[in-house]
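For reference, coords_38.pdb is printed below; it contains PDB, C-alpha atoms.
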```pdb
ATOM      1  CA  MET A  19       0.000   0.000   0.000
ATOM      2  CA  ARG A  20       1.261   3.457  -0.900
ATOM      3  CA  TYR A  21       0.072   6.824   0.317
ATOM      4  CA  LEU A  22      -0.028   9.760  -2.072
ATOM      5  CA  PRO A  23      -0.987  13.377  -1.506
ATOM      6  CA  ALA A  24      -4.325  14.504  -2.870
ATOM      7  CA  HIS A  25      -4.564  17.660  -4.955
ATOM      8  CA  PRO A  26      -6.455  20.448  -3.128
ATOM      9  CA  VAL A  27      -9.008  20.648  -5.959
ATOM     10  CA  ALA A  28      -9.696  16.910  -5.605
ATOM     11  CA  VAL A  29      -9.984  17.239  -1.816
ATOM     12  CA  ALA A  30     -12.511  20.059  -2.208
ATOM     13  CA  ALA A  31     -14.533  18.008  -4.716
ATOM     14  CA  VAL A  32     -14.593  14.965  -2.390
ATOM     15  CA  GLU A  33     -15.620  17.149   0.560
ATOM     16  CA  ALA A  34     -18.457  18.651  -1.508
ATOM     17  CA  TYR A  35     -19.533  15.156  -2.546
ATOM     18  CA  LEU A  36     -19.502  13.906   1.064
ATOM     19  CA  THR A  37     -21.587  16.859   2.183
ATOM     20  CA  ALA A  38     -24.124  16.255  -0.595
ATOM     21  CA  ALA A  39     -24.135  12.477  -0.082
ATOM     22  CA  GLY A  40     -24.602  12.819   3.664
ATOM     23  CA  HIS A  41     -22.084  10.225   4.796
ATOM     24  CA  GLY A  42     -19.086  12.489   5.397
ATOM     25  CA  GLU A  43     -18.966  11.788   9.125
ATOM     26  CA  GLU A  44     -18.901   8.024   8.650
ATOM     27  CA  LYS A  45     -15.301   6.834   8.726
ATOM     28  CA  THR A  46     -15.966   3.232   7.636
ATOM     29  CA  GLY A  47     -17.519   1.903   4.481
ATOM     30  CA  PRO A  48     -16.932   2.885   0.878
ATOM     31  CA  LEU A  49     -16.356   6.522  -0.018
ATOM     32  CA  PHE A  50     -18.439   6.449  -3.203
ATOM     33  CA  ARG A  51     -21.816   4.738  -2.960
ATOM     34  CA  PRO A  52     -24.933   4.552  -5.089
ATOM     35  CA  VAL A  53     -27.791   6.820  -4.100
ATOM     36  CA  ARG A  54     -30.347   4.886  -2.021
ATOM     37  CA  ASN A  55     -28.669   1.593  -3.019
ATOM     38  CA  ARG A  56     -29.879   1.914  -6.613
ATOM     39  CA  ARG A  57     -27.901   0.802  -9.605
ATOM     40  CA  SER A  58     -26.115   3.562 -11.458
ATOM     41  CA  GLU A  59     -26.537   4.210 -15.165
ATOM     42  CA  ALA A  60     -23.510   1.972 -15.691
ATOM     43  CA  GLY A  61     -25.204  -0.872 -13.829
ATOM     44  CA  LEU A  62     -23.070  -0.491 -10.716
ATOM     45  CA  LYS A  63     -24.277  -1.378  -7.265
ATOM     46  CA  GLY A  64     -22.274  -1.222  -4.055
ATOM     47  CA  ALA A  65     -18.769   0.106  -3.490
ATOM     48  CA  LEU A  66     -16.862   1.692  -6.353
ATOM     49  CA  THR A  67     -14.091  -0.775  -7.191
ATOM     50  CA  ALA A  68     -11.302  -0.250  -9.730
ATOM     51  CA  ASP A  69     -13.221  -2.395 -12.236
ATOM     52  CA  ALA A  70     -16.423  -0.462 -11.571
ATOM     53  CA  MET A  71     -14.577   2.808 -12.120
ATOM     54  CA  TRP A  72     -13.346   1.599 -15.491
ATOM     55  CA  ARG A  73     -16.906   0.580 -16.442
ATOM     56  CA  LEU A  74     -18.070   4.106 -15.565
ATOM     57  CA  VAL A  75     -15.355   5.640 -17.729
ATOM     58  CA  ARG A  76     -16.406   3.419 -20.655
ATOM     59  CA  VAL A  77     -20.112   4.218 -20.267
ATOM     60  CA  TYR A  78     -19.668   7.978 -20.120
ATOM     61  CA  ALA A  79     -16.920   8.107 -22.771
ATOM     62  CA  THR A  80     -19.186   6.228 -25.167
ATOM     63  CA  ARG A  81     -22.086   8.515 -24.307
ATOM     64  CA  VAL A  82     -20.121  11.636 -25.261
ATOM     65  CA  GLY A  83     -18.700  10.051 -28.402
ATOM     66  CA  ILE A  84     -15.126   9.238 -27.369
ATOM     67  CA  ASP A  85     -13.685   6.356 -29.388
ATOM     68  CA  LEU A  86     -12.247   3.860 -26.909
ATOM     69  CA  ASP A  87     -10.391   1.731 -29.457
ATOM     70  CA  GLY A  88      -6.914   1.188 -28.020
ATOM     71  CA  PHE A  89      -7.862   2.982 -24.807
ATOM     72  CA  GLY A  90      -7.575   1.233 -21.441
ATOM     73  CA  PRO A  91      -7.009   1.849 -17.731
ATOM     74  CA  HIS A  92      -3.300   2.449 -18.309
ATOM     75  CA  SER A  93      -4.240   5.214 -20.743
ATOM     76  CA  LEU A  94      -5.514   7.156 -17.736
ATOM     77  CA  ARG A  95      -2.180   6.635 -15.943
ATOM     78  CA  ALA A  96      -0.265   7.714 -19.051
ATOM     79  CA  THR A  97      -2.438  10.827 -19.317
ATOM     80  CA  ALA A  98      -1.794  11.717 -15.673
ATOM     81  CA  ALA A  99       1.946  11.137 -16.041
ATOM     82  CA  THR A 100       2.159  13.166 -19.247
ATOM     83  CA  ASN A 101       0.116  15.982 -17.726
ATOM     84  CA  ALA A 102       2.375  16.128 -14.665
ATOM     85  CA  LEU A 103       5.494  16.150 -16.855
ATOM     86  CA  GLU A 104       4.052  18.850 -19.135
ATOM     87  CA  HIS A 105       3.532  21.007 -16.071
ATOM     88  CA  GLY A 106       7.086  20.711 -14.814
ATOM     89  CA  ALA A 107       7.083  17.634 -12.590
ATOM     90  CA  ASP A 108      10.421  15.844 -12.377
ATOM     91  CA  ILE A 109      10.367  12.460 -14.120
ATOM     92  CA  ALA A 110      11.910  10.779 -11.051
ATOM     93  CA  ALA A 111       9.069  12.141  -8.898
ATOM     94  CA  VAL A 112       6.484  10.996 -11.459
ATOM     95  CA  SER A 113       8.105   7.552 -11.520
ATOM     96  CA  GLU A 114       7.797   7.298  -7.743
ATOM     97  CA  TRP A 115       4.244   8.695  -7.887
ATOM     98  CA  LEU A 116       3.237   5.925 -10.303
ATOM     99  CA  GLY A 117       5.040   3.278  -8.257
ATOM    100  CA  HIS A 118       7.484   2.390 -11.019
ATOM    101  CA  ALA A 119      10.741   0.705 -10.044
ATOM    102  CA  SER A 120      12.482   2.303 -13.011
ATOM    103  CA  ILE A 121      12.278   5.634 -14.813
ATOM    104  CA  THR A 122      12.481   3.601 -18.024
ATOM    105  CA  THR A 123       8.946   2.372 -17.344
ATOM    106  CA  THR A 124       7.769   5.921 -16.690
ATOM    107  CA  ARG A 125       9.209   7.001 -20.045
ATOM    108  CA  LEU A 126       6.799   4.550 -21.694
ATOM    109  CA  TYR A 127       3.929   6.487 -20.128
ATOM    110  CA  ASP A 128       5.274   9.868 -21.282
ATOM    111  CA  LYS A 129       3.289  10.722 -24.417
ATOM    112  CA  ARG A 130       4.976  14.095 -24.977
ATOM    113  CA  VAL A 131       7.575  12.496 -27.248
ATOM    114  CA  VAL A 132       5.026  11.466 -29.867
ATOM    115  CA  ARG A 133       3.946  15.039 -30.567
ATOM    116  CA  VAL A 134       5.280  16.385 -33.847
ATOM    117  CA  GLU A 135       6.010  19.807 -32.348
ATOM    118  CA  ASN A 136       8.470  18.143 -29.918
ATOM    119  CA  SER A 137      10.505  16.578 -32.711
ATOM    120  CA  PRO A 138      14.167  17.610 -33.020
ATOM    121  CA  THR A 139      13.262  18.537 -36.615
ATOM    122  CA  TYR A 140      11.671  21.694 -35.279
ATOM    123  CA  ARG A 141      14.740  22.542 -33.172
ATOM    124  CA  VAL A 142      17.091  22.782 -36.180
ATOM    125  CA  SER A 143      17.850  26.327 -37.286
ATOM    126  CA  TYR A 144      18.501  27.043 -40.988
TER     127      TYR A 144
END
```
Starting from the file, lay out its structure as structure tokens.
Amino acid sequence: MRYLPAHPVAVAAVEAYLTAAGHGEEKTGPLFRPVRNRRSEAGLKGALTADAMWRLVRVYATRVGIDLDGFGPHSLRATAATNALEHGADIAAVSEWLGHASITTTRLYDKRVVRVENSPTYRVSY
């Protein structure tokens, strides 16, 4: 088990959710729960597991027209890693954040290198 800091914006969103959901004072049980034990639009019932979260992503991505071909749970990790790196995070810190034993693995998640504008071609001066 690893402990990671939560972004203040995420903390505020969770606090708002807990206030609205009415179970913010309860320290046991799942954080995210269905309203009145009903199934969600994605067919979920009970605690929000990692698999259930991925099903939610698929349902809502499809609903808004996002093509999920070639997209998977690790795509979300790669997006987070790339976003952190784009905003100045050190790759060693991102590697630790993702729980990678090697920065080489983290480099696989870094999607900045596939952007044409980052090619050395555009760094050559004529």
Checklist entry - Expanded to explicit residues, what is the PyMOL selection byres ((chain A and resi 49) around 12) for this file, as JSON, numbers by chain? => result {"A": [32, 33, 35, 36, 37, 39, 40, 41, 42, 43, 44, 45, 46, 47, 48, 50, 51, 52, 64, 65, 66, 67]}
Checklist entry - Rounded to one decimal in Å, what is the spacing between atom CA of A:Arg20 and atom CA of A:Ala110? => result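 The value is 16.4 Å.
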Checklist entry - What lies within 12 Å of A:Met19 using only C-alpha atoms, ignoring chain neighbours under 2 positions off, as a VMD selection string? => result chain A and resid 21 to 22 117
Next on the checklist: Applying the PyMOL selection byres ((chain A and resi 125) around 10) to the file I just gave you, which residues come out? Please list them as a list of chain:residue names.
Outcome noted: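 Against this file, the PyMOL selection byres ((chain A and resi 125) around 10) returns the residues A:Ala96, A:Ala99, A:Thr100, A:Ile109, A:Val112, A:Ser113, A:Ser120, A:Ile121, A:Thr122, A:Thr123, A:Thr124, A:Leu126, A:Tyr127, A:Asp128, A:Lys129, A:Arg130, A:Val131.
Taking atom CA of A:Ala107 and atom CA of A:Phe89 as endpoints, the distance between them is 24.2 Å.
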Next on the checklist: Would you compute the distance between atom CA of A:Ala79 and atom CA of A:Ala111? Give it in Å to one decimal.
Outcome noted: 29.7 Å
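Within 10 Å of A:Ala98, once only C-alpha atoms are used and residues closer than 4 positions along the same chain are dropped, the contacting residues are His92, Ser93, Leu94, Ala102, Leu103, Glu104, Val112, Leu116, Tyr127 and Asp128 of chain A.
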Item to check | Cut-off 12 Å around (-12.1, 3.1, -19.7) with all atoms listed in the file: residues as JSON, numbers by chain | outcome: {"A": [68, 69, 70, 71, 72, 73, 74, 75, 76, 77, 78, 79, 80, 84, 85, 86, 87, 88, 89, 90, 91, 92, 93, 94, 95]}
